[in-house]
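Chemist: Please find entry23.cif (mmCIF, C-alpha atoms) on the next line:
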```cif
data_data
loop_
_atom_site.label_atom_id
_atom_site.label_comp_id
_atom_site.auth_asym_id
_atom_site.auth_seq_id
_atom_site.Cartn_x
_atom_site.Cartn_y
_atom_site.Cartn_z
CA MET A 13 -47.08 11.03 -37.23
CA THR A 14 -46.14 7.65 -38.70
CA VAL A 15 -43.42 5.42 -37.27
CA PHE A 16 -41.03 6.31 -40.09
CA GLU A 17 -41.74 10.02 -39.70
CA GLU A 18 -41.01 9.75 -35.97
CA LEU A 19 -37.67 8.05 -36.65
CA LYS A 20 -36.72 10.98 -38.86
CA ALA A 21 -38.07 13.57 -36.43
CA ARG A 22 -35.99 12.05 -33.64
CA GLY A 23 -32.88 12.34 -35.81
CA LEU A 24 -32.27 8.60 -36.01
CA LEU A 25 -31.83 8.14 -39.76
CA ALA A 26 -28.77 9.33 -41.64
CA GLN A 27 -28.64 7.45 -44.95
CA LEU A 28 -30.90 4.83 -46.50
CA THR A 29 -31.72 3.07 -49.73
CA ASP A 30 -35.23 2.64 -51.16
CA GLU A 31 -36.85 5.19 -48.85
CA GLU A 32 -40.44 4.65 -49.97
CA GLU A 33 -40.23 0.87 -49.62
CA ILE A 34 -38.61 1.22 -46.20
CA ARG A 35 -41.30 3.67 -45.11
CA GLU A 36 -44.04 1.25 -46.15
CA LEU A 37 -42.49 -1.75 -44.39
CA VAL A 38 -41.80 0.11 -41.14
CA ASP A 39 -45.17 1.86 -40.99
CA GLN A 40 -47.08 -1.36 -41.67
CA GLY A 41 -45.09 -3.40 -39.16
CA LYS A 42 -43.70 -5.66 -41.90
CA ALA A 43 -40.01 -4.99 -41.42
CA VAL A 44 -37.88 -7.95 -40.38
CA PHE A 45 -34.67 -6.16 -39.51
CA TYR A 46 -31.36 -6.99 -37.92
CA ILE A 47 -28.67 -5.14 -36.01
CA GLY A 48 -25.34 -6.81 -35.29
CA PHE A 49 -23.39 -6.76 -32.03
CA ASP A 50 -19.81 -8.06 -31.94
CA PRO A 51 -19.23 -9.61 -28.47
CA THR A 52 -15.89 -7.94 -27.78
CA ALA A 53 -16.63 -7.51 -24.03
CA ASP A 54 -18.80 -9.22 -21.43
CA SER A 55 -21.26 -6.32 -21.32
CA LEU A 56 -22.98 -3.95 -23.69
CA HIS A 57 -22.22 -0.27 -23.14
CA VAL A 58 -23.94 2.99 -23.97
CA GLY A 59 -22.41 2.90 -27.43
CA HIS A 60 -24.92 0.11 -28.12
CA PHE A 61 -27.71 1.87 -26.31
CA MET A 62 -29.29 3.70 -29.22
CA ALA A 63 -29.41 0.56 -31.34
CA LEU A 64 -31.22 -1.28 -28.52
CA CYS A 65 -33.67 1.60 -28.09
CA LEU A 66 -34.34 1.61 -31.83
CA MET A 67 -35.03 -2.13 -31.82
CA LYS A 68 -37.48 -1.65 -28.96
CA ARG A 69 -39.15 1.29 -30.72
CA LEU A 70 -39.64 -0.63 -33.97
CA GLN A 71 -40.82 -3.77 -32.19
CA MET A 72 -43.47 -1.72 -30.37
CA ALA A 73 -44.75 -0.74 -33.84
CA GLY A 74 -45.14 -4.40 -34.84
CA ASN A 75 -41.86 -4.97 -36.65
CA LYS A 76 -39.67 -7.99 -35.94
CA PRO A 77 -36.08 -7.52 -34.67
CA ILE A 78 -33.25 -9.96 -35.22
CA ALA A 79 -30.41 -9.47 -32.74
CA LEU A 80 -27.33 -10.82 -34.47
CA ILE A 81 -24.49 -11.79 -32.15
CA GLY A 82 -21.24 -11.64 -34.08
CA GLY A 83 -19.62 -14.76 -32.70
CA GLY A 84 -18.04 -15.38 -36.10
CA THR A 85 -17.14 -11.85 -37.17
CA ALA A 86 -15.65 -11.17 -33.72
CA MET A 87 -12.97 -13.73 -34.58
CA VAL A 88 -11.92 -11.46 -37.46
CA GLY A 89 -12.49 -7.93 -36.18
CA ASP A 90 -14.09 -4.92 -37.83
CA PRO A 91 -11.49 -2.37 -39.06
CA SER A 92 -14.08 0.45 -39.11
CA GLY A 93 -12.96 3.40 -37.01
CA ARG A 94 -9.85 1.60 -35.77
CA SER A 95 -6.22 2.61 -36.17
CA ASP A 96 -4.84 -0.85 -35.44
CA MET A 97 -5.88 -4.46 -35.44
CA ARG A 98 -8.28 -5.68 -32.75
CA THR A 99 -6.94 -8.12 -30.18
CA MET A 100 -7.80 -11.68 -31.14
CA MET A 101 -10.18 -13.49 -28.76
CA THR A 102 -10.64 -17.18 -28.09
CA ARG A 103 -13.88 -18.93 -28.96
CA GLU A 104 -14.56 -19.52 -25.26
CA ILE A 105 -14.37 -15.79 -24.45
CA ILE A 106 -16.61 -14.95 -27.40
CA GLU A 107 -19.22 -17.49 -26.28
CA HIS A 108 -19.17 -16.14 -22.72
CA ASN A 109 -19.59 -12.56 -23.92
CA SER A 110 -22.44 -13.62 -26.20
CA GLU A 111 -24.35 -15.11 -23.28
CA CYS A 112 -23.93 -11.88 -21.32
CA PHE A 113 -25.32 -9.88 -24.26
CA LYS A 114 -28.42 -12.07 -24.43
CA LYS A 115 -29.37 -11.34 -20.84
CA GLN A 116 -28.97 -7.58 -21.25
CA MET A 117 -30.85 -7.40 -24.55
CA SER A 118 -33.87 -9.05 -22.98
CA ARG A 119 -34.51 -5.84 -21.03
CA PHE A 120 -35.14 -4.04 -24.30
CA ILE A 121 -36.49 -6.67 -26.67
CA ASP A 122 -39.36 -9.14 -26.22
CA PHE A 123 -38.16 -12.51 -27.49
CA SER A 124 -41.34 -14.37 -26.51
CA ASP A 125 -43.65 -16.05 -29.03
CA GLY A 126 -41.38 -15.36 -32.00
CA LYS A 127 -41.70 -11.58 -31.66
CA ALA A 128 -37.94 -11.33 -32.01
CA ILE A 129 -35.09 -13.76 -32.50
CA MET A 130 -31.46 -13.87 -31.52
CA VAL A 131 -28.94 -15.62 -33.75
CA ASN A 132 -25.18 -16.03 -33.79
CA ASN A 133 -23.31 -15.75 -37.07
CA ALA A 134 -20.79 -18.29 -35.79
CA ASP A 135 -23.46 -20.86 -36.69
CA TRP A 136 -22.84 -20.33 -40.39
CA LEU A 137 -19.53 -18.47 -40.71
CA LEU A 138 -17.36 -20.96 -38.83
CA ASN A 139 -18.44 -23.84 -41.03
CA LEU A 140 -17.89 -22.18 -44.39
CA ASN A 141 -15.72 -23.85 -47.00
CA TYR A 142 -13.18 -21.27 -48.12
CA VAL A 143 -13.11 -22.14 -51.81
CA GLU A 144 -16.89 -22.39 -51.95
CA LEU A 145 -17.16 -18.96 -50.32
CA LEU A 146 -14.77 -17.46 -52.86
CA ARG A 147 -16.74 -18.90 -55.77
CA ASP A 148 -20.20 -18.30 -54.34
CA VAL A 149 -19.76 -14.90 -52.67
CA GLY A 150 -16.33 -13.47 -53.47
CA VAL A 151 -17.12 -13.32 -57.17
CA HIS A 152 -19.68 -10.58 -56.47
CA PHE A 153 -17.15 -8.19 -54.85
CA SER A 154 -14.78 -5.80 -56.64
CA VAL A 155 -11.50 -5.32 -54.80
CA ASN A 156 -11.08 -1.89 -56.39
CA ARG A 157 -14.46 -0.84 -55.06
CA MET A 158 -13.85 -2.31 -51.62
CA LEU A 159 -10.66 -0.28 -51.28
CA THR A 160 -12.64 2.93 -51.76
CA ALA A 161 -14.71 2.17 -48.64
CA GLU A 162 -13.99 4.59 -45.81
CA CYS A 163 -13.44 1.77 -43.31
CA TYR A 164 -10.52 0.49 -45.41
CA LYS A 165 -9.12 3.84 -46.57
CA GLN A 166 -8.49 4.87 -42.96
CA ARG A 167 -6.29 1.84 -42.43
CA MET A 168 -4.29 1.70 -45.66
CA GLU A 169 -1.40 3.85 -44.41
CA ARG A 170 -0.95 1.90 -41.16
CA GLY A 171 -1.56 -1.44 -42.80
CA LEU A 172 -4.67 -3.53 -43.32
CA SER A 173 -4.43 -7.27 -42.77
CA PHE A 174 -6.04 -9.71 -45.20
CA LEU A 175 -7.94 -11.06 -42.19
CA GLU A 176 -9.67 -7.71 -41.64
CA PHE A 177 -10.13 -7.17 -45.37
CA ASN A 178 -12.57 -10.08 -45.30
CA TYR A 179 -14.84 -8.39 -42.74
CA MET A 180 -17.01 -6.69 -45.37
CA ILE A 181 -17.58 -9.99 -47.16
CA MET A 182 -18.48 -11.75 -43.92
CA GLN A 183 -20.91 -9.03 -42.85
CA SER A 184 -22.47 -9.04 -46.31
CA TYR A 185 -22.85 -12.80 -46.12
CA ASP A 186 -24.67 -12.37 -42.81
CA PHE A 187 -27.40 -10.36 -44.52
CA LEU A 188 -27.71 -12.96 -47.28
CA GLU A 189 -28.03 -15.75 -44.71
CA LEU A 190 -30.60 -13.85 -42.64
CA TYR A 191 -32.56 -12.95 -45.78
CA GLN A 192 -32.75 -16.57 -46.90
CA LYS A 193 -33.35 -18.17 -43.48
CA TYR A 194 -35.56 -15.65 -41.72
CA GLY A 195 -36.96 -13.35 -44.40
CA CYS A 196 -34.86 -10.45 -43.09
CA ASN A 197 -35.57 -7.54 -45.43
CA MET A 198 -33.80 -4.69 -43.67
CA GLN A 199 -30.54 -4.00 -41.85
CA PHE A 200 -29.60 -1.17 -39.51
CA GLY A 201 -26.14 -0.08 -38.45
CA GLY A 202 -23.96 2.89 -37.63
CA ASP A 203 -22.93 5.35 -40.30
CA ASP A 204 -19.43 3.85 -40.12
CA GLN A 205 -20.99 0.59 -41.34
CA TRP A 206 -22.47 2.04 -44.55
CA SER A 207 -20.05 0.36 -46.97
CA ASN A 208 -20.41 -3.03 -45.29
CA MET A 209 -24.19 -2.75 -45.32
CA LEU A 210 -24.36 -1.76 -48.96
CA GLY A 211 -22.21 -4.80 -49.69
CA GLY A 212 -24.88 -7.02 -48.15
CA THR A 213 -27.73 -5.40 -50.06
CA GLU A 214 -25.84 -5.65 -53.36
CA LEU A 215 -24.84 -9.27 -52.69
CA ILE A 216 -28.47 -10.29 -52.23
CA ARG A 217 -29.60 -8.51 -55.37
CA ARG A 218 -26.75 -9.79 -57.52
CA LYS A 219 -26.98 -13.36 -56.30
CA LEU A 220 -30.76 -13.69 -56.11
CA GLY A 221 -31.81 -11.22 -58.78
CA LYS A 222 -32.89 -7.59 -58.86
CA ASP A 223 -36.29 -8.46 -57.43
CA ALA A 224 -34.72 -9.60 -54.16
CA TYR A 225 -36.12 -7.36 -51.45
CA ALA A 226 -33.37 -6.02 -49.19
CA MET A 227 -32.85 -2.56 -47.78
CA THR A 228 -30.30 -0.74 -45.66
CA ILE A 229 -30.67 2.08 -43.19
CA THR A 230 -27.90 3.61 -41.16
CA LEU A 231 -28.34 5.26 -37.80
CA LEU A 232 -27.20 8.80 -37.26
CA LEU A 233 -26.00 8.28 -33.71
CA ASN A 234 -24.33 4.91 -33.68
CA SER A 235 -20.81 6.27 -34.25
CA GLU A 236 -21.60 9.14 -31.86
CA GLY A 237 -23.00 6.56 -29.48
CA ASN A 238 -19.67 4.79 -29.42
CA LYS A 239 -18.09 8.09 -28.41
CA MET A 240 -20.78 8.59 -25.79
CA GLY A 241 -19.85 5.19 -24.39
CA LYS A 242 -16.36 6.38 -23.53
CA THR A 243 -15.31 8.57 -20.64
CA GLN A 244 -11.92 9.34 -19.21
CA LYS A 245 -12.16 6.11 -17.22
CA GLY A 246 -13.39 3.89 -20.06
CA ALA A 247 -16.74 2.57 -21.14
CA VAL A 248 -20.05 3.19 -19.38
CA TRP A 249 -21.45 -0.33 -19.16
CA LEU A 250 -25.02 -1.55 -18.95
CA ASP A 251 -23.94 -4.27 -16.51
CA PRO A 252 -24.60 -2.92 -12.98
CA ASN A 253 -21.56 -4.81 -11.67
CA LYS A 254 -19.32 -2.79 -14.01
CA THR A 255 -21.14 0.56 -13.89
CA SER A 256 -23.50 0.98 -10.93
CA PRO A 257 -27.00 2.38 -11.52
CA PHE A 258 -25.90 5.49 -9.61
CA GLU A 259 -22.86 5.99 -11.87
CA PHE A 260 -25.00 5.29 -14.92
CA TYR A 261 -27.52 7.90 -13.77
CA GLN A 262 -24.78 10.44 -13.12
CA TYR A 263 -23.25 9.85 -16.54
CA TRP A 264 -26.45 11.00 -18.21
CA ARG A 265 -27.08 13.69 -15.59
CA ASN A 266 -23.76 15.24 -16.61
CA VAL A 267 -24.20 15.37 -20.39
CA ALA A 268 -23.33 18.67 -22.03
CA ASP A 269 -26.06 21.30 -22.23
CA ALA A 270 -25.89 21.17 -26.03
CA ASP A 271 -26.53 17.40 -26.08
CA VAL A 272 -29.38 16.93 -23.61
CA VAL A 273 -32.28 17.55 -26.02
CA LYS A 274 -30.64 15.43 -28.72
CA CYS A 275 -30.28 12.56 -26.26
CA LEU A 276 -33.89 12.95 -25.10
CA ARG A 277 -35.11 12.69 -28.71
CA MET A 278 -32.93 9.77 -29.72
CA LEU A 279 -32.81 7.64 -26.60
CA THR A 280 -35.99 8.13 -24.59
CA PHE A 281 -39.60 7.19 -25.30
CA LEU A 282 -41.00 10.51 -24.12
CA PRO A 283 -43.46 12.16 -26.56
CA LEU A 284 -41.81 14.51 -29.04
CA GLU A 285 -44.18 17.28 -27.98
CA GLN A 286 -42.83 17.09 -24.43
CA ILE A 287 -39.24 17.10 -25.67
CA ASP A 288 -39.92 20.05 -27.98
CA GLU A 289 -41.17 21.95 -24.93
CA MET A 290 -37.97 21.11 -23.04
CA ALA A 291 -35.94 22.33 -26.02
CA ARG A 292 -37.10 25.83 -25.08
CA TRP A 293 -35.80 25.53 -21.51
CA GLU A 294 -32.80 27.63 -20.54
CA GLY A 295 -30.47 28.18 -17.63
CA SER A 296 -31.27 26.14 -14.54
CA GLN A 297 -34.15 24.45 -16.37
CA LEU A 298 -31.55 22.48 -18.33
CA ASN A 299 -30.60 20.72 -15.11
CA ARG A 300 -34.18 19.54 -14.80
CA ALA A 301 -34.03 18.24 -18.39
CA LYS A 302 -30.84 16.34 -17.55
CA GLU A 303 -32.52 14.80 -14.50
CA ILE A 304 -35.39 13.63 -16.69
CA LEU A 305 -32.94 12.15 -19.22
CA ALA A 306 -30.93 10.37 -16.52
CA TYR A 307 -34.03 8.96 -14.83
CA GLU A 308 -35.63 7.73 -18.06
CA LEU A 309 -32.51 5.92 -19.25
CA THR A 310 -31.66 4.44 -15.84
CA ASN A 311 -35.24 3.21 -15.58
CA LEU A 312 -34.96 1.62 -19.01
CA VAL A 313 -31.70 -0.21 -18.23
CA HIS A 314 -31.95 -0.93 -14.49
CA GLY A 315 -35.64 -0.60 -13.64
CA LYS A 316 -37.77 1.94 -11.76
CA GLU A 317 -36.55 1.08 -8.25
CA GLU A 318 -32.87 1.58 -9.10
CA ALA A 319 -33.66 4.72 -11.08
CA LEU A 320 -35.49 6.27 -8.13
CA LYS A 321 -32.67 5.32 -5.73
CA ALA A 322 -30.06 6.81 -8.05
CA GLN A 323 -32.09 9.99 -8.44
CA ALA A 324 -32.57 10.37 -4.68
CA SER A 325 -28.87 9.75 -3.98
CA ALA A 326 -27.77 12.26 -6.61
CA ARG A 327 -30.08 14.92 -5.20
CA ALA A 328 -28.87 14.21 -1.68
CA LEU A 329 -25.22 14.34 -2.68
CA PHE A 330 -25.42 17.64 -4.50
CA GLY A 331 -27.86 19.04 -1.97
CA GLY A 332 -25.40 18.40 0.86
CA GLY A 333 -27.25 15.37 2.26
CA ASP A 334 -26.37 11.71 2.55
CA ALA A 335 -26.17 9.73 -0.69
CA ALA A 336 -26.51 6.11 0.38
CA GLU A 337 -26.24 4.67 -3.13
CA MET A 338 -23.11 6.47 -4.27
CA PRO A 339 -20.24 4.26 -5.51
CA THR A 340 -18.13 2.96 -2.63
CA CYS A 341 -14.52 1.88 -2.28
CA ARG A 342 -13.43 -0.29 0.64
CA LEU A 343 -9.96 -0.10 2.12
CA GLN A 344 -8.13 -3.08 3.58
CA GLU A 345 -5.59 -3.21 6.41
CA ALA A 346 -2.87 -3.78 3.82
CA ASP A 347 -3.59 -0.32 2.35
CA PHE A 348 -2.23 1.33 5.52
CA LEU A 349 1.42 1.90 6.36
CA ASN A 350 2.19 2.54 10.03
CA ASP A 351 -1.55 2.88 10.70
CA ALA A 352 -2.04 5.63 8.13
CA ILE A 353 -2.81 6.23 4.46
CA ASP A 354 -2.14 9.53 2.70
CA ILE A 355 -4.60 11.43 0.55
CA LEU A 356 -2.75 10.35 -2.61
CA GLY A 357 -3.20 6.70 -1.70
CA VAL A 358 -6.90 7.25 -1.02
CA LEU A 359 -7.38 8.91 -4.42
CA VAL A 360 -5.63 6.08 -6.26
CA LYS A 361 -7.31 3.31 -4.26
CA SER A 362 -10.75 4.83 -4.89
CA GLY A 363 -10.11 5.06 -8.63
CA LEU A 364 -10.51 8.84 -8.69
CA CYS A 365 -6.91 9.07 -9.93
CA VAL A 366 -4.91 6.51 -11.87
CA SER A 367 -1.54 7.29 -10.29
CA ARG A 368 0.00 9.07 -7.33
CA SER A 369 1.46 11.74 -9.61
CA GLU A 370 -1.99 12.47 -11.02
CA ALA A 371 -3.38 12.53 -7.47
CA ARG A 372 -0.66 14.97 -6.37
CA ARG A 373 -1.51 17.36 -9.20
CA ALA A 374 -5.23 17.18 -8.34
CA VAL A 375 -4.52 18.04 -4.69
CA GLU A 376 -2.05 20.83 -5.44
CA GLN A 377 -4.46 22.38 -7.94
CA GLY A 378 -7.23 22.52 -5.34
CA GLY A 379 -9.47 19.94 -6.97
CA VAL A 380 -9.91 17.51 -4.05
CA THR A 381 -12.33 17.71 -1.13
CA VAL A 382 -12.91 15.32 1.76
CA GLU A 383 -16.27 15.66 3.51
CA ASN A 384 -16.76 19.00 1.69
CA GLU A 385 -13.44 20.39 2.95
CA LYS A 386 -10.69 21.14 0.44
CA VAL A 387 -7.44 19.23 0.86
CA THR A 388 -4.34 21.06 -0.40
CA ASP A 389 -1.49 19.19 1.30
CA PRO A 390 -0.44 15.99 -0.52
CA LYS A 391 1.02 14.69 2.77
CA THR A 392 -2.36 14.68 4.57
CA LEU A 393 -2.72 11.39 6.47
CA TYR A 394 -5.78 9.45 7.64
CA ALA A 395 -5.97 6.75 10.33
CA PRO A 396 -8.09 3.60 9.76
CA GLU A 397 -10.65 4.87 12.28
CA ARG A 398 -11.55 7.71 9.89
CA PHE A 399 -13.05 5.19 7.49
CA LEU A 400 -15.17 3.24 9.96
CA GLY A 401 -18.97 3.32 9.85
CA ASP A 402 -20.19 5.32 6.85
CA GLY A 403 -16.62 6.27 5.94
CA ILE A 404 -15.84 9.53 4.17
CA VAL A 405 -16.93 11.09 0.89
CA ILE A 406 -14.03 12.18 -1.27
CA ARG A 407 -14.53 14.23 -4.40
CA ARG A 408 -12.26 15.12 -7.27
CA GLY A 409 -13.57 18.06 -9.27
CA LYS A 410 -17.30 18.67 -9.35
CA LYS A 411 -18.55 15.37 -10.73
CA ASN A 412 -16.25 12.55 -9.57
CA TYR A 413 -16.67 11.19 -6.07
CA LYS A 414 -16.51 8.04 -3.99
CA ARG A 415 -17.46 6.98 -0.50
CA VAL A 416 -14.40 5.35 1.07
CA LYS A 417 -14.94 2.86 3.91
CA MET A 418 -13.04 0.16 5.74
#
```
Go ahead and render the structure in this file as structure tokens.
Modeler:
Amino acid sequence: MTVFEELKARGLLAQLTDEEEIRELVDQGKAVFYIGFDPTADSLHVGHFMALCLMKRLQMAGNKPIALIGGGTAMVGDPSGRSDMRTMMTREIIEHNSECFKKQMSRFIDFSDGKAIMVNNADWLLNLNYVELLRDVGVHFSVNRMLTAECYKQRMERGLSFLEFNYMIMQSYDFLELYQKYGCNMQFGGDDQWSNMLGGTELIRRKLGKDAYAMTITLLLNSEGNKMGKTQKGAVWLDPNKTSPFEFYQYWRNVADADVVKCLRMLTFLPLEQIDEMARWEGSQLNRAKEILAYELTNLVHGKEEALKAQASARALFGGGDAAEMPTCRLQEADFLNDAIDILGVLVKSGLCVSRSEARRAVEQGGVTVENEKVTDPKTLYAPERFLGDGIVIRRGKKNYKRVKM
């Protein structure tokens, strides 16, 4: 199976232009491709995960990745998939977030000896002359056609700012700049980026002639990946200080039965033959498949040692043993009133509930256990001594738990 055939077999490709040319470049290791990451937070999350895995997969086949940090486009904001305008960030915050991205990407991509490069579009976008951009680039874009793009249509009723309207032109200009400076001949992005990506391909061909060699491919999962990156409590981060390796492991261990094989194909580097065998597993065997998925991805992001520790802790926790690596909340003396804290306060302090009213409902509905014993009285009190030593394990529902200590 060729590299391109494997990408298709794993379900990674949704739409593309110039399929035969793309196949030839990818299979021969001649693709110089980029994927963009807007630094809107100080950590990547699992919504970016599939793109990083794809970059690693293609680099292993001899192709050259360009990781584009959107330091310039982040100052505008992508309207795709958004119902309102993104909060504006300062240049200092964007630069800090960009540095954090670089460190995390290095776990996936080998930047040594020119095998991959990382660039920031702030280097060219922030110095553009507005009138020159209008004459040099804007002339190649039809407003009527831009307004038919799905990313803009979704925002027309609520209002689309002129600032955001420029995003497609800026992203298209990125591809032109990368093509001219680094020989970038291919771009990848989520299926919600299709219109923006086509704009870049068309800009290159119109400006430099029909013989200009530029392709686009969109990834099937990137928009789904963004959904995967969100839970009831927010994003699942790749930064271990924001999402611990144990919590990261448990996130993947708890994927839906219907999604586990899809995630194994798209996100892991296990052979397809092995995954096809797991696709035939049923019942309790699916739990084993989820363990394999969780271990493989935790190993990829946090390393083998952390993956093994997370796996052992998860097995101990659900097997009734001691899970040393489970996420821990520490109480302070100020959390106690008259030498006691009630169960509602413990739930809120631990982050298992966002408010006391939510905590009360969880207790009254029988969804809270402390040290494997159900708590049904919202007035249950605990003295500070209860949290000394190893503390107590409190669980809300089947999958959310914390160790609470002094």
Chemist: What do you get, as a ChimeraX atom specification, if you spell out every residue that the PyMOL selection byres ((chain A and resi 269) around 10) selects here?
Modeler: /A:266-268,270-274,294-295,298-299,301-302
Chemist: Residues as selected, C-alpha atoms, written as an mmCIF file, keeping the file's coordinate frame, can you do that?
Modeler:
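Printed below is again30.cif as written:
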```
data_model
loop_
_atom_site.group_PDB
_atom_site.id
_atom_site.type_symbol
_atom_site.label_atom_id
_atom_site.label_comp_id
_atom_site.auth_asym_id
_atom_site.auth_seq_id
_atom_site.Cartn_x
_atom_site.Cartn_y
_atom_site.Cartn_z
ATOM 1 C CA ASN A 266 -23.760 15.240 -16.610
ATOM 2 C CA VAL A 267 -24.200 15.370 -20.390
ATOM 3 C CA ALA A 268 -23.330 18.670 -22.030
ATOM 4 C CA ALA A 270 -25.890 21.170 -26.030
ATOM 5 C CA ASP A 271 -26.530 17.400 -26.080
ATOM 6 C CA VAL A 272 -29.380 16.930 -23.610
ATOM 7 C CA VAL A 273 -32.280 17.550 -26.020
ATOM 8 C CA LYS A 274 -30.640 15.430 -28.720
ATOM 9 C CA GLU A 294 -32.800 27.630 -20.540
ATOM 10 C CA GLY A 295 -30.470 28.180 -17.630
ATOM 11 C CA LEU A 298 -31.550 22.480 -18.330
ATOM 12 C CA ASN A 299 -30.600 20.720 -15.110
ATOM 13 C CA ALA A 301 -34.030 18.240 -18.390
ATOM 14 C CA LYS A 302 -30.840 16.340 -17.550
#
```
Chemist: Could you list, as a VMD selection string, every residue matched by the PyMOL selection byres ((chain A and resi 130) around 10) in this structure?
Modeler: chain A and resid 46 77 to 81 114 117 123 128 to 129 131 to 132
Chemist: Might you pull out every residue within 10 Å of range 103-109 of chain A, with all atoms listed in the file counted and same-chain residues fewer than 4 positions away left off, and present them as JSON, numbers by chain?
Modeler: {"A": [50, 51, 52, 53, 54, 55, 56, 81, 82, 83, 84, 86, 87, 113, 114, 132, 134]}
Chemist: Counting only C-alpha atoms, which of A:Leu28, A:Ile229, A:Val313, A:Ile304 gets nearest to Gln116 in chain A?
Modeler: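 Counting only C-alpha atoms, the residue closest to Gln116 in chain A is A:Val313.
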Chemist: To one decimal in Å, tell me the separation between CA of Gly221 in chain A and CA of Glu176 in chain A.
Modeler: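 That distance, rounded to one decimal, is 28.2 Å.
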Chemist: Can you spell out as an NGL selection string the set of residues that the PyMOL selection byres ((chain A and resi 276) around 12) selects in the structure I just provided?
Modeler: :A and (22-24 or 62 or 65 or 264-265 or 267 or 269-275 or 277-291 or 298 or 301-309)
Chemist: Given only C-alpha atoms as the basis, pick out the residue of A:Asn412, A:Ala26, A:Gln71, A:Gly363 nearest to Asp203 in chain A.
Modeler: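 Closest residue, counting only C-alpha atoms: A:Ala26.
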Chemist: Of the candidates A:Leu140, A:Glu317, A:Gly378, A:Lys414, which one gets nearest to Glu259 in chain A if we count all atoms listed in the file?
Modeler: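 Using all atoms listed in the file, the shortest distance to Glu259 in chain A belongs to A:Lys414.
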Chemist: When you count only C-alpha atoms, which of these residues is closest to Val358 in chain A: A:Gln27, A:Asn311, A:Thr392, A:Ser296?
Modeler: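 Of A:Gln27, A:Asn311, A:Thr392, A:Ser296, the one nearest Val358 in chain A is A:Thr392, counting only C-alpha atoms.
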Chemist: What does the distance between CA of Met13 in chain A and CA of Glu31 in chain A come to in Å, to one decimal place?
Modeler: 16.5 Å
Chemist: Which residue is closest to His57 in chain A? Choose from A:Thr255, A:Thr160, A:Ser184, A:Thr14 and count only C-alpha atoms.
Modeler: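 Counting only C-alpha atoms, the residue closest to His57 in chain A is A:Thr255.
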Chemist: I'd like the interatomic distance between CA of Ala322 in chain A and CA of Thr340 in chain A, to a tenth of an Å.
Modeler: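 Interatomic distance here is 13.7 Å.
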